[in-house]
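> If it helps, the file is called coords.txt and holds compact mmCIF, C-alpha atoms:
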# COMPACT_ATOMS: atom_id res chain seq x y z
CA MET R 1200 -44.61 29.77 133.08
CA VAL R 1201 -47.68 29.23 130.92
CA PRO R 1202 -49.85 26.32 132.10
CA GLU R 1203 -50.06 23.52 129.57
CA ARG R 1204 -53.46 22.58 128.24
CA VAL R 1205 -54.41 19.01 129.13
CA VAL R 1206 -56.11 17.09 126.33
CA PRO R 1207 -57.76 13.67 126.59
CA VAL R 1208 -55.99 10.66 125.10
CA THR R 1209 -57.34 7.14 125.12
CA ILE R 1210 -54.88 4.28 125.53
CA ALA R 1211 -55.34 0.56 125.99
CA LEU R 1212 -53.31 -1.23 128.65
CA PRO R 1213 -53.03 -4.87 129.58
CA LYS R 1214 -55.28 -5.63 132.56
CA PRO R 1215 -52.37 -6.24 135.00
CA TYR R 1216 -51.02 -2.74 134.30
CA ARG R 1217 -54.44 -1.19 134.71
CA ASP R 1218 -54.85 -3.02 138.00
CA LEU R 1219 -51.43 -1.81 139.15
CA LEU R 1220 -52.35 1.81 138.34
CA ARG R 1221 -55.57 1.38 140.32
CA LYS R 1222 -53.64 -0.02 143.28
CA ILE R 1223 -51.14 2.86 143.20
CA ALA R 1224 -53.97 5.42 143.00
CA LEU R 1225 -55.75 3.83 145.95
CA GLU R 1226 -52.55 3.75 148.02
CA GLU R 1227 -51.88 7.42 147.27
CA SER R 1228 -55.45 8.35 148.19
CA LEU R 1229 -55.20 6.46 151.48
CA LYS R 1230 -51.91 8.20 152.38
CA ASN R 1231 -53.66 11.57 152.33
CA PRO R 1232 -57.36 11.00 153.03
CA ASP R 1233 -57.97 14.71 153.70
CA GLN R 1234 -56.85 15.70 150.20
CA GLN R 1235 -58.48 15.21 146.80
CA ILE R 1236 -58.82 11.60 145.65
CA ILE R 1237 -56.04 10.46 143.32
CA THR R 1238 -57.36 8.75 140.19
CA THR R 1239 -55.90 6.05 137.99
CA SER R 1240 -55.81 8.58 135.15
CA GLN R 1241 -53.77 11.02 137.21
CA ILE R 1242 -51.19 8.36 138.09
CA GLY R 1243 -51.00 7.18 134.48
CA ARG R 1244 -50.59 10.77 133.26
CA GLU R 1245 -47.77 11.43 135.75
CA ILE R 1246 -45.91 8.27 134.69
CA LEU R 1247 -46.35 8.92 130.97
CA CYS R 1248 -45.38 12.60 131.20
CA ALA R 1249 -42.24 11.77 133.23
CA PHE R 1250 -41.23 9.15 130.65
CA LEU R 1251 -41.79 11.52 127.74
CA ARG R 1252 -39.90 14.36 129.48
CA GLU R 1253 -36.90 12.04 129.90
CA ARG R 1254 -37.04 11.10 126.23
CA LEU R 1255 -37.17 14.76 125.17
CA GLU R 1256 -34.17 15.56 127.39
CA GLU R 1257 -32.21 12.65 125.87
CA ARG R 1258 -32.99 13.89 122.36
CA SER R 1259 -31.96 17.43 123.25
CA LYS R 1260 -28.62 16.19 124.59
CA LYS R 1261 -27.98 14.13 121.43
CA GLU R 1262 -28.70 17.11 119.20
CA GLU R 1263 -26.19 19.35 121.03
What does the file become when written as structure tokens?

Amino acid sequence: MVPERVVPVTIALPKPYRDLLRKIALEESLKNPDQQIITTSQIGREILCAFLRERLEERSKKEE
């Protein structure tokens, strides 16, 4: 499998969502203190990519 190139994208979120992402990132970092710190951007990317993957799968099923 060829690794996908990650490109920067800037999005604006309401403050409560940003704060929630920060809280999730902190909780994940505290679960595994010996590993690399989890950032808000990483959590946001995981959520967005999962959502978009689901949408692509739904489209593929509709086209079949």
> At a cut-off of 10 Å, using all atoms listed in the file, what residues contact Leu1220 (chain R)? Leave out same-chain residues fewer than 2 positions from it and give the result as a list in words.
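Counting only the stated atoms, we get Lys1214, Pro1215, Tyr1216, Arg1217, Asp1218, Lys1222, Ile1223, Ala1224, Leu1225, Glu1226, Thr1238, Thr1239, Ser1240, Gln1241, Ile1242, Gly1243 and Ile1246 of chain R.
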> Keeping C-alpha atoms for every residue in the selection just given, could you write it to a file as an mmCIF file, keeping the file's coordinate frame?

data_model
loop_
_atom_site.group_PDB
_atom_site.id
_atom_site.type_symbol
_atom_site.label_atom_id
_atom_site.label_comp_id
_atom_site.auth_asym_id
_atom_site.auth_seq_id
_atom_site.Cartn_x
_atom_site.Cartn_y
_atom_site.Cartn_z
ATOM 1 C CA LYS R 1214 -55.280 -5.630 132.560
ATOM 2 C CA PRO R 1215 -52.370 -6.240 135.000
ATOM 3 C CA TYR R 1216 -51.020 -2.740 134.300
ATOM 4 C CA ARG R 1217 -54.440 -1.190 134.710
ATOM 5 C CA ASP R 1218 -54.850 -3.020 138.000
ATOM 6 C CA LYS R 1222 -53.640 -0.020 143.280
ATOM 7 C CA ILE R 1223 -51.140 2.860 143.200
ATOM 8 C CA ALA R 1224 -53.970 5.420 143.000
ATOM 9 C CA LEU R 1225 -55.750 3.830 145.950
ATOM 10 C CA GLU R 1226 -52.550 3.750 148.020
ATOM 11 C CA THR R 1238 -57.360 8.750 140.190
ATOM 12 C CA THR R 1239 -55.900 6.050 137.990
ATOM 13 C CA SER R 1240 -55.810 8.580 135.150
ATOM 14 C CA GLN R 1241 -53.770 11.020 137.210
ATOM 15 C CA ILE R 1242 -51.190 8.360 138.090
ATOM 16 C CA GLY R 1243 -51.000 7.180 134.480
ATOM 17 C CA ILE R 1246 -45.910 8.270 134.690
#
> What is the CA of Cys1248 (chain R)-CA of Ser1228 (chain R) distance in Å, reported with one decimal?
20.2 Å
> So which one's closest to Ile1236 (chain R), R:Val1208, R:Pro1213, R:Glu1263, R:Arg1221? Using only C-alpha atoms, please.
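For Ile1236 (chain R), the nearest of the given residues is R:Arg1221.
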> Quick one: pull the distance between CA of Pro1207 (chain R) and CA of Arg1244 (chain R), Å, one decimal.
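Separating CA of Pro1207 (chain R) from CA of Arg1244 (chain R) is a distance of 10.2 Å.
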> Interatomic distance between CA of Lys1230 (chain R) and CA of Phe1250 (chain R)?
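Going from CA of Lys1230 (chain R) over to CA of Phe1250 (chain R), I get 24.2 Å.
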